[in-house]
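Asks: JSON, C-alpha atoms and all ligand atoms, file data_17.json:
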```
[["chain", "number", "residue", "atom", "x", "y", "z"],
["A", 22, "MET", "CA", -11.37, 11.15, 1.27],
["A", 23, "GLU", "CA", -11.82, 8.25, 3.61],
["A", 24, "ILE", "CA", -9.22, 5.59, 4.06],
["A", 25, "HIS", "CA", -10.14, 2.00, 3.68],
["A", 26, "CYS", "CA", -8.71, -1.38, 4.42],
["A", 27, "GLY", "CA", -6.23, -2.70, 1.89],
["A", 28, "ASN", "CA", -7.55, -6.19, 2.35],
["A", 29, "CYS", "CA", -11.34, -6.02, 2.38],
["A", 30, "HIS", "CA", -11.56, -2.49, 0.88],
["A", 31, "LYS", "CA", -14.16, -1.37, 3.37],
["A", 32, "GLU", "CA", -13.96, 2.00, 5.05],
["A", 33, "TYR", "CA", -13.00, 1.84, 8.68],
["A", 34, "GLU", "CA", -15.63, 2.22, 11.32],
["A", 35, "LYS", "CA", -14.69, 4.26, 14.36],
["A", 36, "SER", "CA", -15.07, 1.27, 16.67],
["A", 37, "GLU", "CA", -13.25, -1.27, 14.52],
["A", 38, "TYR", "CA", -9.89, -2.50, 15.64],
["A", 39, "VAL", "CA", -7.06, -1.71, 13.29],
["A", 40, "VAL", "CA", -3.34, -2.39, 13.18],
["A", 41, "MET", "CA", -0.79, 0.20, 12.14],
["A", 42, "ASP", "CA", 2.41, -0.96, 10.52],
["A", 43, "GLU", "CA", 5.75, 0.82, 10.53],
["A", 44, "PHE", "CA", 4.78, 2.73, 7.39],
["A", 45, "HIS", "CA", 1.63, 4.05, 9.09],
["A", 46, "SER", "CA", -0.60, 1.94, 6.90],
["A", 47, "LEU", "CA", -3.73, 0.70, 8.57],
["A", 48, "ILE", "CA", -5.43, -2.64, 8.20],
["A", 49, "HIS", "CA", -8.29, -4.21, 10.10],
["A", 50, "LEU", "CA", -7.13, -6.38, 12.92],
["A", 51, "LYS", "CA", -9.40, -9.10, 11.56],
["A", 52, "CYS", "CA", -7.87, -8.71, 8.08],
["A", 53, "PHE", "CA", -4.30, -8.61, 9.30],
["A", 54, "LYS", "CA", -2.24, -11.70, 8.63],
["A", 55, "PRO", "CA", 1.05, -11.76, 10.46],
["A", 56, "THR", "CA", 3.84, -12.49, 8.02],
["A", 57, "GLY", "CA", 6.91, -11.76, 10.07],
["A", 58, "PHE", "CA", 7.92, -9.01, 7.66],
["A", 59, "ILE", "CA", 5.62, -6.32, 8.90],
["A", 60, "LYS", "CA", 6.47, -4.54, 12.09],
["A", 61, "ILE", "CA", 3.46, -3.45, 14.09],
["A", 62, "LYS", "CA", 3.78, 0.08, 15.32],
["A", 63, "ASP", "CA", 0.48, 0.44, 17.10],
["A", 64, "HIS", "CA", -3.02, -0.92, 17.27],
["A", 65, "GLY", "CA", -6.38, 0.08, 18.63],
["A", 66, "THR", "CA", -9.71, 1.24, 17.34],
["A", 67, "TYR", "CA", -9.76, 3.45, 14.28],
["A", 68, "GLY", "CA", -11.24, 6.20, 16.42],
["A", 69, "MET", "CA", -8.31, 5.96, 18.82],
["A", 70, "MET", "CA", -5.80, 6.05, 15.98],
["A", 71, "LYS", "CA", -7.34, 9.20, 14.58],
["A", 72, "GLU", "CA", -7.16, 10.88, 17.96],
["A", 73, "LYS", "CA", -3.60, 9.81, 18.55],
["A", 74, "TYR", "CA", -2.08, 10.42, 15.14],
["A", 75, "SER", "CA", -2.85, 13.73, 13.56],
["A", 76, "PHE", "CA", -2.03, 12.55, 10.05],
["A", 77, "TYR", "CA", -5.16, 10.42, 10.00],
["A", 78, "ARG", "CA", -7.39, 13.28, 11.03],
["A", 79, "ASN", "CA", -7.50, 14.92, 7.64],
["A", 80, "LEU", "CA", -8.49, 11.73, 5.89],
["A", 81, "GLY", "CA", -12.15, 11.80, 6.78],
["A", 82, "ASN", "CA", -14.51, 12.71, 9.51],
["A", 83, "PHE", "CA", -16.94, 10.72, 11.55],
["A", 84, "ASP", "CA", -19.18, 13.51, 12.68],
["A", 85, "GLU", "CA", -18.99, 16.10, 9.96],
["A", 86, "GLU", "CA", -20.76, 15.04, 6.83],
["B", 101, "ZN", "ZN", -10.46, -5.16, 6.28]]
```
Transcribe the structure of this file into structure tokens.
Ligand SMILES: [Zn+2]
Replies:
Amino acid sequence: MEIHCGNCHKEYEKSEYVVMDEFHSLIHLKCFKPTGFIKIKDHGTYGMMKEKYSFYRNLGNFDEE
């Protein structure tokens, strides 16, 4: 199962910049609209997030098809 953006519903590419909120939800940086209610926990490329946070690693693979 791959995770996808809640806004545009596309699967994340490894090199795309994403934003992680305090609930560990991801959204594309380009799709993210600051509201003042969401606290940003981290941001970076999707590839970086998967390396950094183990709970994303089981959600899909880039290299193993
Ligand atoms: Zn998006």
Asks: Determine, counting only C-alpha atoms, which protein, DNA and RNA residues have an atom within 9 Å of an atom of Ile59 in chain A; residues of the same chain fewer than 4 positions away are not included. Present the result as a VMD selection string.
Replies: chain A and resid 42 to 43 55
Asks: Residues as selected, C-alpha atoms, written as an mmCIF file, in the coordinates of the input, can you do that?
Replies:
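Output contents, as saved in result04.cif:
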```
data_model
loop_
_atom_site.group_PDB
_atom_site.id
_atom_site.type_symbol
_atom_site.label_atom_id
_atom_site.label_comp_id
_atom_site.auth_asym_id
_atom_site.auth_seq_id
_atom_site.Cartn_x
_atom_site.Cartn_y
_atom_site.Cartn_z
ATOM 1 C CA ASP A 42 2.410 -0.960 10.520
ATOM 2 C CA GLU A 43 5.750 0.820 10.530
ATOM 3 C CA PRO A 55 1.050 -11.760 10.460
#
```
Asks: List all protein, DNA and RNA residues that have an atom no more than 7 Å from any atom of ligand ZN 101 (chain B), counting only C-alpha atoms and all ligand atoms, and report them as a list in words.
Replies: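 Residues lying within 7 Å of ligand ZN 101 (chain B): Cys26, Gly27, Asn28, Cys29, His30, Lys31, Ile48, His49, Lys51 and Cys52 of chain A.
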Asks: Compare A:Lys54, A:His45, A:Lys60, A:Lys35 by their minimum atom-to-atom distance to Ser75 in chain A, counting only C-alpha atoms, and give me the closest one.
Replies: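 Ranking A:Lys54, A:His45, A:Lys60, A:Lys35 by distance to Ser75 in chain A, first place goes to A:His45.
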Asks: Provide the CA of Met69 in chain A to CA of His25 in chain A distance in Å, to one decimal place.
Replies: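 Value for the CA of Met69 in chain A-CA of His25 in chain A distance: 15.8 Å.
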Asks: With all atoms listed in the file as the counted atoms, please give the residues lying no more than 9 Å from Glu37 in chain A, apart from itself and same-chain residues fewer than 2 positions off, as a compact mmCIF listing (two decimals) with C-alpha atoms, in the coordinates of the input.
Replies:
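Writing the result to out_2.txt gives the following:
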```txt
# COMPACT_ATOMS: atom_id res chain seq x y z
CA TYR A 33 -13.00 1.84 8.68
CA GLU A 34 -15.63 2.22 11.32
CA LYS A 35 -14.69 4.26 14.36
CA VAL A 39 -7.06 -1.71 13.29
CA HIS A 49 -8.29 -4.21 10.10
CA LEU A 50 -7.13 -6.38 12.92
CA GLY A 65 -6.38 0.08 18.63
CA THR A 66 -9.71 1.24 17.34
CA TYR A 67 -9.76 3.45 14.28
CA GLY A 68 -11.24 6.20 16.42
```
Asks: Find the spatial neighbours of Met41 in chain A, counting all atoms listed in the file, within a cut-off of 8 Å - ignore same-chain residues fewer than 4 positions away - and output them as a list in words.
Replies: His45, Ser46, Leu47, Ile48, Ile61, Lys62, Asp63 and His64 of chain A
